[in-house]
Amino acid sequence: MNFKKVYAFVVVFVSFAVNTYAFQGKKSDTLKTDIRHTSKGFQFTSPDNNFQLQIAGRVQFRYAFPSDQDPLTFDDFSIPKEHVFKINRARLKIGGHAYKPWLKFYLEYDVSVNRLLDYRVMVEKWPWLNIKAGQWKVEYTRERSISSGKQQMMERSIINRPFTIDRQQGVSIYGRIDEGGLLDFNYHFSALTGTGRGARENDDKKLMYVGKVFWNFLGDGPPVSGSDLKHQEKPQASLALAGATNTSPYTRFSSSGGGSLEGYEMGEPGQYEVGQWVLETAFQYKSFSWQSEYHRKRIIDNINTGRTHMSGFYGQGGYIVNHQDAAKGKPLYEVAARYGYYQPELSVPNNSEEEYALAFNCFFNGHANKLTADVTYFDFDEMSLNREASSWRFRVQYDFSF
């Protein structure tokens with residue numbers, strides 16, 4: 001993907017939209033484009049509300065010591081220590097609707113790594129049945145679905161890497177049933193190529209299938225963002241179960257595309273048969289927030305006849321300590337903590353990785369303008385080889401959205 005071409009497209013597209021709306025506004029005082037800034041960025045809406053364009057950007061500046069990456073192997077604990085200063089993410093987002101308010105579109109581009117992340121079209125005319133097609137982060141885990149700009153902790157847990165399905169191309173149906181009632185459910189069912197971000201074709205005759213069902217048992221579910229910044233007066237909670245199946249050359253996925261877990265090599269088409277599921281909880285009430293995930297995953301090597309069973313868990317909670325200052329326009333402060341546990345092979349119970357993290361957030365303007373600091377302790381046990389290791393990490397990040 002050529003960044004200059006993307007930039008030129010954005011400039012021409014925005015200029016055309018603004019000039020078109022401005023021309024309409026000159027025809028009559030009753031035909032004026034609504035221009036404002038919202039939580040989704042700069043928003044341009046046509047007089048009849050049939051067209052809307054939203055443009056937003058986000059930048060994350062990060063410092064880390066002695067490294068920014070989670071240790072994955074025993075050798076990672078002995079790498080040289082270094083100070084890390086970097087632009088961690090730089091995103092350009094374009095969304096809105098066209099022709100009808102329920103025919104929506106969305107694109108997201110990562111400028112820092114020159115990568116097109118999301119592009120999709122959604123038909124959202126009925127609450128109980130919606131359809132989308134394109135490329136997006138598949139609705140599988142809450143931790144991955146929450147935008148990196150709306151996370152409670154600075155980064156996702158150690159179990160995100162082995163269990164996330166990340167971005168895929170395909171189609172999905174989704175909706176919400178009995179909103180506000182005892183049987184308030186959200187659902188997502190997707191059929192995907194199963195070969196990761198940027199892969200337009202499947203590697204064999206078998207697609208990836210993903211399903212997720214949320215039960216909002218208190219009549220409403222928590223928003224897809226970290227921290228209870230709104231100081232919810234009514235408890236909001238959800239219990240979710242998701243599952244996925246796929247055959248491909250890959251044993252893991254990320255925003256880079258398909259990849260391999262430790263101990264695996266890039267495979268042949270259809271080599272790895274992966275089945276996995278996750279049980280998820282989420283809760284927000286009066287500035288307190290909680291979320292957790294329990295994962296199981298099985299990998300079958302159809303060529304080398306190998307089989308792996310793995311599991312993982314994390315629990316995370318946080319509290320806004322001065323919620324009463326929100327009405328005064330003052331910054332909000334939050335303390336959050338997380339515990340993560342990953343077992344790469346259930347048949348070897350003494351091999352595991354653990355994470356203990358403590359984070360402090362200062363919200364100047366919600367997630368759009370915040371400062372985060374965290375400290376993490378990693379514990380690595382590989383007793384099958386009679387070795388273990390541990391390390392600390394400190395990071396500071398400034399997140400700015402506009």
# chains A, B, ... in the order shown; residues from 1 in each chain; ligands from 1
>>> residues_around(residues="range 237-242 of chain A", least_positions_apart="2", cutoff="9 Å", atoms="only C-alpha atoms", output="PDB file with all heavy atoms, in the first residue's frame")
ATOM      1  N   GLU A 139     -15.183  -9.988  15.777  1.00  0.00           N
ATOM      2  CA  GLU A 139     -15.726  -9.947  17.131  1.00  0.00           C
ATOM      3  C   GLU A 139     -15.534 -11.312  17.783  1.00  0.00           C
ATOM      4  O   GLU A 139     -16.361 -12.212  17.650  1.00  0.00           O
ATOM      5  CB  GLU A 139     -17.210  -9.559  17.108  1.00  0.00           C
ATOM      6  CG  GLU A 139     -17.487  -8.130  16.725  1.00  0.00           C
ATOM      7  CD  GLU A 139     -17.400  -7.883  15.217  1.00  0.00           C
ATOM      8  OE1 GLU A 139     -17.255  -8.869  14.447  1.00  0.00           O
ATOM      9  OE2 GLU A 139     -17.492  -6.712  14.813  1.00  0.00           O
ATOM     10  N   TYR A 140     -14.424 -11.467  18.482  1.00  0.00           N
ATOM     11  CA  TYR A 140     -14.133 -12.730  19.169  1.00  0.00           C
ATOM     12  C   TYR A 140     -13.827 -12.496  20.641  1.00  0.00           C
ATOM     13  O   TYR A 140     -14.395 -13.147  21.504  1.00  0.00           O
ATOM     14  CB  TYR A 140     -12.980 -13.449  18.471  1.00  0.00           C
ATOM     15  CG  TYR A 140     -12.649 -14.786  19.091  1.00  0.00           C
ATOM     16  CD1 TYR A 140     -13.551 -15.846  18.995  1.00  0.00           C
ATOM     17  CD2 TYR A 140     -11.464 -14.983  19.784  1.00  0.00           C
ATOM     18  CE1 TYR A 140     -13.267 -17.078  19.589  1.00  0.00           C
ATOM     19  CE2 TYR A 140     -11.170 -16.205  20.360  1.00  0.00           C
ATOM     20  CZ  TYR A 140     -12.070 -17.250  20.271  1.00  0.00           C
ATOM     21  OH  TYR A 140     -11.796 -18.456  20.858  1.00  0.00           O
ATOM     22  N   THR A 141     -12.926 -11.564  20.958  1.00  0.00           N
ATOM     23  CA  THR A 141     -12.629 -11.256  22.354  1.00  0.00           C
ATOM     24  C   THR A 141     -12.841  -9.771  22.617  1.00  0.00           C
ATOM     25  O   THR A 141     -12.601  -8.928  21.752  1.00  0.00           O
ATOM     26  CB  THR A 141     -11.182 -11.615  22.727  1.00  0.00           C
ATOM     27  OG1 THR A 141     -10.276 -10.774  21.999  1.00  0.00           O
ATOM     28  CG2 THR A 141     -10.878 -13.066  22.404  1.00  0.00           C
ATOM     29  N   VAL A 210     -16.624 -17.990  12.700  1.00  0.00           N
ATOM     30  CA  VAL A 210     -16.540 -17.425  14.044  1.00  0.00           C
ATOM     31  C   VAL A 210     -17.938 -17.048  14.508  1.00  0.00           C
ATOM     32  O   VAL A 210     -18.711 -16.443  13.752  1.00  0.00           O
ATOM     33  CB  VAL A 210     -15.633 -16.184  14.086  1.00  0.00           C
ATOM     34  CG1 VAL A 210     -15.519 -15.647  15.516  1.00  0.00           C
ATOM     35  CG2 VAL A 210     -14.251 -16.494  13.530  1.00  0.00           C
ATOM     36  N   GLY A 211     -18.265 -17.394  15.737  1.00  0.00           N
ATOM     37  CA  GLY A 211     -19.543 -17.013  16.316  1.00  0.00           C
ATOM     38  C   GLY A 211     -19.369 -16.507  17.731  1.00  0.00           C
ATOM     39  O   GLY A 211     -18.515 -17.009  18.478  1.00  0.00           O
ATOM     40  N   LYS A 212     -20.161 -15.514  18.104  1.00  0.00           N
ATOM     41  CA  LYS A 212     -20.104 -14.974  19.459  1.00  0.00           C
ATOM     42  C   LYS A 212     -21.496 -14.529  19.882  1.00  0.00           C
ATOM     43  O   LYS A 212     -22.214 -13.893  19.108  1.00  0.00           O
ATOM     44  CB  LYS A 212     -19.128 -13.799  19.542  1.00  0.00           C
ATOM     45  CG  LYS A 212     -18.943 -13.256  20.962  1.00  0.00           C
ATOM     46  CD  LYS A 212     -17.832 -12.235  21.040  1.00  0.00           C
ATOM     47  CE  LYS A 212     -17.562 -11.832  22.479  1.00  0.00           C
ATOM     48  NZ  LYS A 212     -16.433 -10.858  22.595  1.00  0.00           N
ATOM     49  N   VAL A 213     -21.856 -14.853  21.132  1.00  0.00           N
ATOM     50  CA  VAL A 213     -23.140 -14.466  21.694  1.00  0.00           C
ATOM     51  C   VAL A 213     -22.903 -13.810  23.054  1.00  0.00           C
ATOM     52  O   VAL A 213     -22.185 -14.358  23.898  1.00  0.00           O
ATOM     53  CB  VAL A 213     -24.075 -15.678  21.857  1.00  0.00           C
ATOM     54  CG1 VAL A 213     -25.384 -15.249  22.506  1.00  0.00           C
ATOM     55  CG2 VAL A 213     -24.349 -16.332  20.517  1.00  0.00           C
ATOM     56  N   PHE A 214     -23.485 -12.619  23.247  1.00  0.00           N
ATOM     57  CA  PHE A 214     -23.431 -11.908  24.515  1.00  0.00           C
ATOM     58  C   PHE A 214     -24.798 -12.013  25.204  1.00  0.00           C
ATOM     59  O   PHE A 214     -25.826 -11.812  24.557  1.00  0.00           O
ATOM     60  CB  PHE A 214     -23.165 -10.403  24.321  1.00  0.00           C
ATOM     61  CG  PHE A 214     -21.928 -10.054  23.572  1.00  0.00           C
ATOM     62  CD1 PHE A 214     -21.868 -10.157  22.191  1.00  0.00           C
ATOM     63  CD2 PHE A 214     -20.816  -9.566  24.235  1.00  0.00           C
ATOM     64  CE1 PHE A 214     -20.741  -9.795  21.487  1.00  0.00           C
ATOM     65  CE2 PHE A 214     -19.676  -9.198  23.540  1.00  0.00           C
ATOM     66  CZ  PHE A 214     -19.640  -9.312  22.172  1.00  0.00           C
ATOM     67  N   TRP A 215     -24.800 -12.259  26.489  1.00  0.00           N
ATOM     68  CA  TRP A 215     -26.022 -12.147  27.275  1.00  0.00           C
ATOM     69  C   TRP A 215     -25.890 -10.940  28.194  1.00  0.00           C
ATOM     70  O   TRP A 215     -25.084 -10.937  29.116  1.00  0.00           O
ATOM     71  CB  TRP A 215     -26.273 -13.405  28.083  1.00  0.00           C
ATOM     72  CG  TRP A 215     -27.521 -13.316  28.937  1.00  0.00           C
ATOM     73  CD1 TRP A 215     -28.639 -12.587  28.691  1.00  0.00           C
ATOM     74  CD2 TRP A 215     -27.741 -14.000  30.182  1.00  0.00           C
ATOM     75  NE1 TRP A 215     -29.563 -12.754  29.698  1.00  0.00           N
ATOM     76  CE2 TRP A 215     -29.040 -13.623  30.624  1.00  0.00           C
ATOM     77  CE3 TRP A 215     -26.999 -14.883  30.961  1.00  0.00           C
ATOM     78  CZ2 TRP A 215     -29.590 -14.105  31.814  1.00  0.00           C
ATOM     79  CZ3 TRP A 215     -27.549 -15.365  32.135  1.00  0.00           C
ATOM     80  CH2 TRP A 215     -28.820 -14.979  32.550  1.00  0.00           C
ATOM     81  N   ASN A 216     -26.653  -9.893  27.921  1.00  0.00           N
ATOM     82  CA  ASN A 216     -26.652  -8.692  28.750  1.00  0.00           C
ATOM     83  C   ASN A 216     -27.673  -8.893  29.863  1.00  0.00           C
ATOM     84  O   ASN A 216     -28.797  -8.382  29.800  1.00  0.00           O
ATOM     85  CB  ASN A 216     -26.990  -7.474  27.893  1.00  0.00           C
ATOM     86  CG  ASN A 216     -26.104  -7.368  26.667  1.00  0.00           C
ATOM     87  OD1 ASN A 216     -24.875  -7.468  26.756  1.00  0.00           O
ATOM     88  ND2 ASN A 216     -26.713  -7.200  25.501  1.00  0.00           N
ATOM     89  N   PHE A 217     -27.300  -9.644  30.883  1.00  0.00           N
ATOM     90  CA  PHE A 217     -28.266 -10.151  31.858  1.00  0.00           C
ATOM     91  C   PHE A 217     -28.798  -9.096  32.821  1.00  0.00           C
ATOM     92  O   PHE A 217     -29.736  -9.369  33.584  1.00  0.00           O
ATOM     93  CB  PHE A 217     -27.661 -11.326  32.643  1.00  0.00           C
ATOM     94  CG  PHE A 217     -26.369 -11.021  33.342  1.00  0.00           C
ATOM     95  CD1 PHE A 217     -26.344 -10.522  34.627  1.00  0.00           C
ATOM     96  CD2 PHE A 217     -25.162 -11.257  32.702  1.00  0.00           C
ATOM     97  CE1 PHE A 217     -25.154 -10.268  35.279  1.00  0.00           C
ATOM     98  CE2 PHE A 217     -23.959 -11.005  33.333  1.00  0.00           C
ATOM     99  CZ  PHE A 217     -23.959 -10.496  34.625  1.00  0.00           C
ATOM    100  N   LEU A 218     -28.243  -7.881  32.799  1.00  0.00           N
ATOM    101  CA  LEU A 218     -28.793  -6.792  33.594  1.00  0.00           C
ATOM    102  C   LEU A 218     -29.572  -5.801  32.733  1.00  0.00           C
ATOM    103  O   LEU A 218     -29.885  -4.699  33.162  1.00  0.00           O
ATOM    104  CB  LEU A 218     -27.682  -6.067  34.355  1.00  0.00           C
ATOM    105  CG  LEU A 218     -26.951  -6.891  35.423  1.00  0.00           C
ATOM    106  CD1 LEU A 218     -25.883  -6.052  36.120  1.00  0.00           C
ATOM    107  CD2 LEU A 218     -27.932  -7.450  36.445  1.00  0.00           C
ATOM    108  N   GLY A 219     -29.873  -6.214  31.506  1.00  0.00           N
ATOM    109  CA  GLY A 219     -30.667  -5.365  30.628  1.00  0.00           C
ATOM    110  C   GLY A 219     -29.866  -4.475  29.726  1.00  0.00           C
ATOM    111  O   GLY A 219     -30.397  -3.866  28.816  1.00  0.00           O
ATOM    112  N   ASP A 220     -28.570  -4.392  29.942  1.00  0.00           N
ATOM    113  CA  ASP A 220     -27.705  -3.602  29.070  1.00  0.00           C
ATOM    114  C   ASP A 220     -26.285  -4.104  29.247  1.00  0.00           C
ATOM    115  O   ASP A 220     -25.927  -4.631  30.309  1.00  0.00           O
ATOM    116  CB  ASP A 220     -27.793  -2.119  29.417  1.00  0.00           C
ATOM    117  CG  ASP A 220     -27.462  -1.223  28.233  1.00  0.00           C
ATOM    118  OD1 ASP A 220     -27.049  -1.774  27.198  1.00  0.00           O
ATOM    119  OD2 ASP A 220     -27.611   0.003  28.333  1.00  0.00           O
ATOM    120  N   GLY A 221     -25.466  -3.938  28.210  1.00  0.00           N
ATOM    121  CA  GLY A 221     -24.085  -4.392  28.272  1.00  0.00           C
ATOM    122  C   GLY A 221     -23.120  -3.232  28.358  1.00  0.00           C
ATOM    123  O   GLY A 221     -23.417  -2.119  27.912  1.00  0.00           O
ATOM    124  N   PRO A 222     -21.931  -3.442  28.942  1.00  0.00           N
ATOM    125  CA  PRO A 222     -20.933  -2.382  29.013  1.00  0.00           C
ATOM    126  C   PRO A 222     -20.498  -1.934  27.625  1.00  0.00           C
ATOM    127  O   PRO A 222     -20.473  -2.738  26.685  1.00  0.00           O
ATOM    128  CB  PRO A 222     -19.765  -3.048  29.757  1.00  0.00           C
ATOM    129  CG  PRO A 222     -20.365  -4.222  30.449  1.00  0.00           C
ATOM    130  CD  PRO A 222     -21.483  -4.684  29.576  1.00  0.00           C
ATOM    131  N   PRO A 235     -25.916  -0.729  37.029  1.00  0.00           N
ATOM    132  CA  PRO A 235     -24.911  -1.749  36.675  1.00  0.00           C
ATOM    133  C   PRO A 235     -25.088  -2.228  35.239  1.00  0.00           C
ATOM    134  O   PRO A 235     -26.206  -2.476  34.787  1.00  0.00           O
ATOM    135  CB  PRO A 235     -25.181  -2.879  37.673  1.00  0.00           C
ATOM    136  CG  PRO A 235     -25.920  -2.239  38.795  1.00  0.00           C
ATOM    137  CD  PRO A 235     -26.722  -1.130  38.194  1.00  0.00           C
ATOM    138  N   ALA A 244     -14.403 -20.447  17.377  1.00  0.00           N
ATOM    139  CA  ALA A 244     -13.880 -20.265  16.022  1.00  0.00           C
ATOM    140  C   ALA A 244     -13.234 -21.554  15.548  1.00  0.00           C
ATOM    141  O   ALA A 244     -12.681 -22.325  16.340  1.00  0.00           O
ATOM    142  CB  ALA A 244     -12.865 -19.135  15.980  1.00  0.00           C
ATOM    143  N   GLN A 276     -10.990 -23.179  18.687  1.00  0.00           N
ATOM    144  CA  GLN A 276     -10.794 -22.456  19.934  1.00  0.00           C
ATOM    145  C   GLN A 276     -12.105 -21.858  20.431  1.00  0.00           C
ATOM    146  O   GLN A 276     -13.037 -21.662  19.660  1.00  0.00           O
ATOM    147  CB  GLN A 276      -9.746 -21.346  19.756  1.00  0.00           C
ATOM    148  CG  GLN A 276     -10.059 -20.321  18.678  1.00  0.00           C
ATOM    149  CD  GLN A 276      -8.887 -19.372  18.437  1.00  0.00           C
ATOM    150  OE1 GLN A 276      -8.119 -19.562  17.498  1.00  0.00           O
ATOM    151  NE2 GLN A 276      -8.783 -18.344  19.268  1.00  0.00           N
ATOM    152  N   TRP A 277     -12.161 -21.566  21.759  1.00  0.00           N
ATOM    153  CA  TRP A 277     -13.321 -20.916  22.332  1.00  0.00           C
ATOM    154  C   TRP A 277     -12.883 -20.043  23.500  1.00  0.00           C
ATOM    155  O   TRP A 277     -11.784 -20.205  24.051  1.00  0.00           O
ATOM    156  CB  TRP A 277     -14.379 -21.936  22.765  1.00  0.00           C
ATOM    157  CG  TRP A 277     -13.950 -22.942  23.789  1.00  0.00           C
ATOM    158  CD1 TRP A 277     -13.441 -24.186  23.553  1.00  0.00           C
ATOM    159  CD2 TRP A 277     -14.017 -22.795  25.227  1.00  0.00           C
ATOM    160  NE1 TRP A 277     -13.186 -24.837  24.741  1.00  0.00           N
ATOM    161  CE2 TRP A 277     -13.527 -24.011  25.780  1.00  0.00           C
ATOM    162  CE3 TRP A 277     -14.434 -21.789  26.084  1.00  0.00           C
ATOM    163  CZ2 TRP A 277     -13.453 -24.212  27.166  1.00  0.00           C
ATOM    164  CZ3 TRP A 277     -14.360 -21.986  27.461  1.00  0.00           C
ATOM    165  CH2 TRP A 277     -13.883 -23.190  27.989  1.00  0.00           C
ATOM    166  N   VAL A 278     -13.751 -19.106  23.872  1.00  0.00           N
ATOM    167  CA  VAL A 278     -13.446 -18.185  24.961  1.00  0.00           C
ATOM    168  C   VAL A 278     -14.721 -17.871  25.728  1.00  0.00           C
ATOM    169  O   VAL A 278     -15.793 -17.727  25.135  1.00  0.00           O
ATOM    170  CB  VAL A 278     -12.810 -16.877  24.430  1.00  0.00           C
ATOM    171  CG1 VAL A 278     -13.706 -16.190  23.397  1.00  0.00           C
ATOM    172  CG2 VAL A 278     -12.503 -15.903  25.567  1.00  0.00           C
ATOM    173  N   LEU A 279     -14.596 -17.804  27.039  1.00  0.00           N
ATOM    174  CA  LEU A 279     -15.673 -17.359  27.928  1.00  0.00           C
ATOM    175  C   LEU A 279     -15.258 -16.006  28.500  1.00  0.00           C
ATOM    176  O   LEU A 279     -14.160 -15.866  29.035  1.00  0.00           O
ATOM    177  CB  LEU A 279     -15.890 -18.370  29.055  1.00  0.00           C
ATOM    178  CG  LEU A 279     -16.984 -18.019  30.070  1.00  0.00           C
ATOM    179  CD1 LEU A 279     -18.360 -17.994  29.403  1.00  0.00           C
ATOM    180  CD2 LEU A 279     -16.977 -19.017  31.234  1.00  0.00           C
ATOM    181  N   GLU A 280     -16.177 -15.056  28.431  1.00  0.00           N
ATOM    182  CA  GLU A 280     -15.801 -13.658  28.688  1.00  0.00           C
ATOM    183  C   GLU A 280     -16.814 -13.002  29.627  1.00  0.00           C
ATOM    184  O   GLU A 280     -18.021 -13.245  29.527  1.00  0.00           O
ATOM    185  CB  GLU A 280     -15.765 -12.943  27.341  1.00  0.00           C
ATOM    186  CG  GLU A 280     -15.541 -11.478  27.331  1.00  0.00           C
ATOM    187  CD  GLU A 280     -15.696 -10.924  25.917  1.00  0.00           C
ATOM    188  OE1 GLU A 280     -14.828 -11.205  25.078  1.00  0.00           O
ATOM    189  OE2 GLU A 280     -16.717 -10.265  25.648  1.00  0.00           O
ATOM    190  N   THR A 281     -16.322 -12.155  30.535  1.00  0.00           N
ATOM    191  CA  THR A 281     -17.196 -11.366  31.398  1.00  0.00           C
ATOM    192  C   THR A 281     -16.811  -9.898  31.312  1.00  0.00           C
ATOM    193  O   THR A 281     -15.653  -9.561  31.048  1.00  0.00           O
ATOM    194  CB  THR A 281     -17.113 -11.811  32.873  1.00  0.00           C
ATOM    195  OG1 THR A 281     -15.796 -11.503  33.391  1.00  0.00           O
ATOM    196  CG2 THR A 281     -17.368 -13.296  33.014  1.00  0.00           C
ATOM    197  N   ALA A 282     -17.803  -9.022  31.552  1.00  0.00           N
ATOM    198  CA  ALA A 282     -17.547  -7.575  31.575  1.00  0.00           C
ATOM    199  C   ALA A 282     -18.568  -6.922  32.507  1.00  0.00           C
ATOM    200  O   ALA A 282     -19.735  -7.337  32.553  1.00  0.00           O
ATOM    201  CB  ALA A 282     -17.645  -6.975  30.179  1.00  0.00           C
ATOM    202  N   PHE A 283     -18.123  -5.894  33.238  1.00  0.00           N
ATOM    203  CA  PHE A 283     -18.980  -5.235  34.223  1.00  0.00           C
ATOM    204  C   PHE A 283     -18.502  -3.811  34.443  1.00  0.00           C
ATOM    205  O   PHE A 283     -17.298  -3.556  34.524  1.00  0.00           O
ATOM    206  CB  PHE A 283     -18.938  -6.017  35.546  1.00  0.00           C
ATOM    207  CG  PHE A 283     -19.747  -5.403  36.654  1.00  0.00           C
ATOM    208  CD1 PHE A 283     -21.120  -5.584  36.710  1.00  0.00           C
ATOM    209  CD2 PHE A 283     -19.130  -4.634  37.644  1.00  0.00           C
ATOM    210  CE1 PHE A 283     -21.869  -5.018  37.741  1.00  0.00           C
ATOM    211  CE2 PHE A 283     -19.871  -4.070  38.672  1.00  0.00           C
ATOM    212  CZ  PHE A 283     -21.248  -4.262  38.722  1.00  0.00           C
ATOM    213  N   GLN A 284     -19.467  -2.869  34.537  1.00  0.00           N
ATOM    214  CA  GLN A 284     -19.163  -1.479  34.875  1.00  0.00           C
ATOM    215  C   GLN A 284     -20.250  -0.930  35.783  1.00  0.00           C
ATOM    216  O   GLN A 284     -21.444  -1.128  35.515  1.00  0.00           O
ATOM    217  CB  GLN A 284     -19.058  -0.611  33.613  1.00  0.00           C
ATOM    218  CG  GLN A 284     -17.850  -0.906  32.748  1.00  0.00           C
ATOM    219  CD  GLN A 284     -17.685   0.061  31.594  1.00  0.00           C
ATOM    220  OE1 GLN A 284     -18.401   1.057  31.487  1.00  0.00           O
ATOM    221  NE2 GLN A 284     -16.745  -0.220  30.710  1.00  0.00           N
ATOM    222  N   TYR A 285     -19.821  -0.240  36.852  1.00  0.00           N
ATOM    223  CA  TYR A 285     -20.786   0.327  37.795  1.00  0.00           C
ATOM    224  C   TYR A 285     -20.094   1.346  38.702  1.00  0.00           C
ATOM    225  O   TYR A 285     -19.133   1.019  39.382  1.00  0.00           O
ATOM    226  CB  TYR A 285     -21.415  -0.782  38.631  1.00  0.00           C
ATOM    227  CG  TYR A 285     -22.449  -0.312  39.622  1.00  0.00           C
ATOM    228  CD1 TYR A 285     -23.542   0.453  39.220  1.00  0.00           C
ATOM    229  CD2 TYR A 285     -22.344  -0.660  40.969  1.00  0.00           C
ATOM    230  CE1 TYR A 285     -24.501   0.867  40.128  1.00  0.00           C
ATOM    231  CE2 TYR A 285     -23.306  -0.258  41.878  1.00  0.00           C
ATOM    232  CZ  TYR A 285     -24.386   0.508  41.463  1.00  0.00           C
ATOM    233  OH  TYR A 285     -25.328   0.925  42.367  1.00  0.00           O
TER     234      TYR A 285
END
>>> select_by_dssp(residues="range 191-398 of chain A", states="helix (DSSP H, G or I)", output="count of residues only")
9
>>> closest_atom_pairs(of="range 57-144 of chain A", to="range 166-170 of chain A", cutoff="7 Å", atoms="only C-alpha atoms", output="CSV")
residue,atom,partner,partner_atom,distance
A:Ala133,CA,A:Gly170,CA,5.8
A:Gly134,CA,A:Gln169,CA,5.5
A:Gln135,CA,A:Gln169,CA,4.3
A:Trp136,CA,A:Arg167,CA,4.9
A:Lys137,CA,A:Arg167,CA,4.1
A:Val138,CA,A:Arg167,CA,5.9
>>> closest_residue(among="A:Ser384, A:Asn350, A:Gln152, A:Ser254", to="Ser225 in chain A", atoms="only C-alpha atoms")
A:Gln152
>>> select_by_dssp(residues="range 170-316 of chain A", states="strand (DSSP E or B)", output="ChimeraX atom specification")
/A:170-177,185-192,208-215,236-248,252-254,257-259,272-285,288-301,307-316
>>> closest_residue(among="A:Gly267, A:Lys286, A:Ile158, A:Arg252", to="Lys234 in chain A", atoms="only C-alpha atoms")
A:Lys286
>>> atom_distance(atom1="CA of Asp301 in chain A", atom2="CA of Asp70 in chain A")
26.4 Å
>>> closest_residue(among="A:Ser227, A:Gln397, A:Pro249, A:Lys297", to="Tyr319 in chain A", atoms="only C-alpha atoms")
A:Ser227
>>> residues_around(residues="Gly226 in chain A", least_positions_apart="3", cutoff="12 Å", atoms="only C-alpha atoms", output="JSON, numbers by chain")
{"A": [142, 143, 144, 145, 146, 147, 148, 149, 150, 151, 152, 153, 154, 155, 156, 222, 223, 229, 230, 282, 283, 284, 287, 288, 289, 290, 291, 292, 316, 317, 318, 319, 320, 334, 336, 361, 366, 367]}
>>> atom_distance(atom1="CA of Glu355 in chain A", atom2="CA of Gly312 in chain A")
11.3 Å
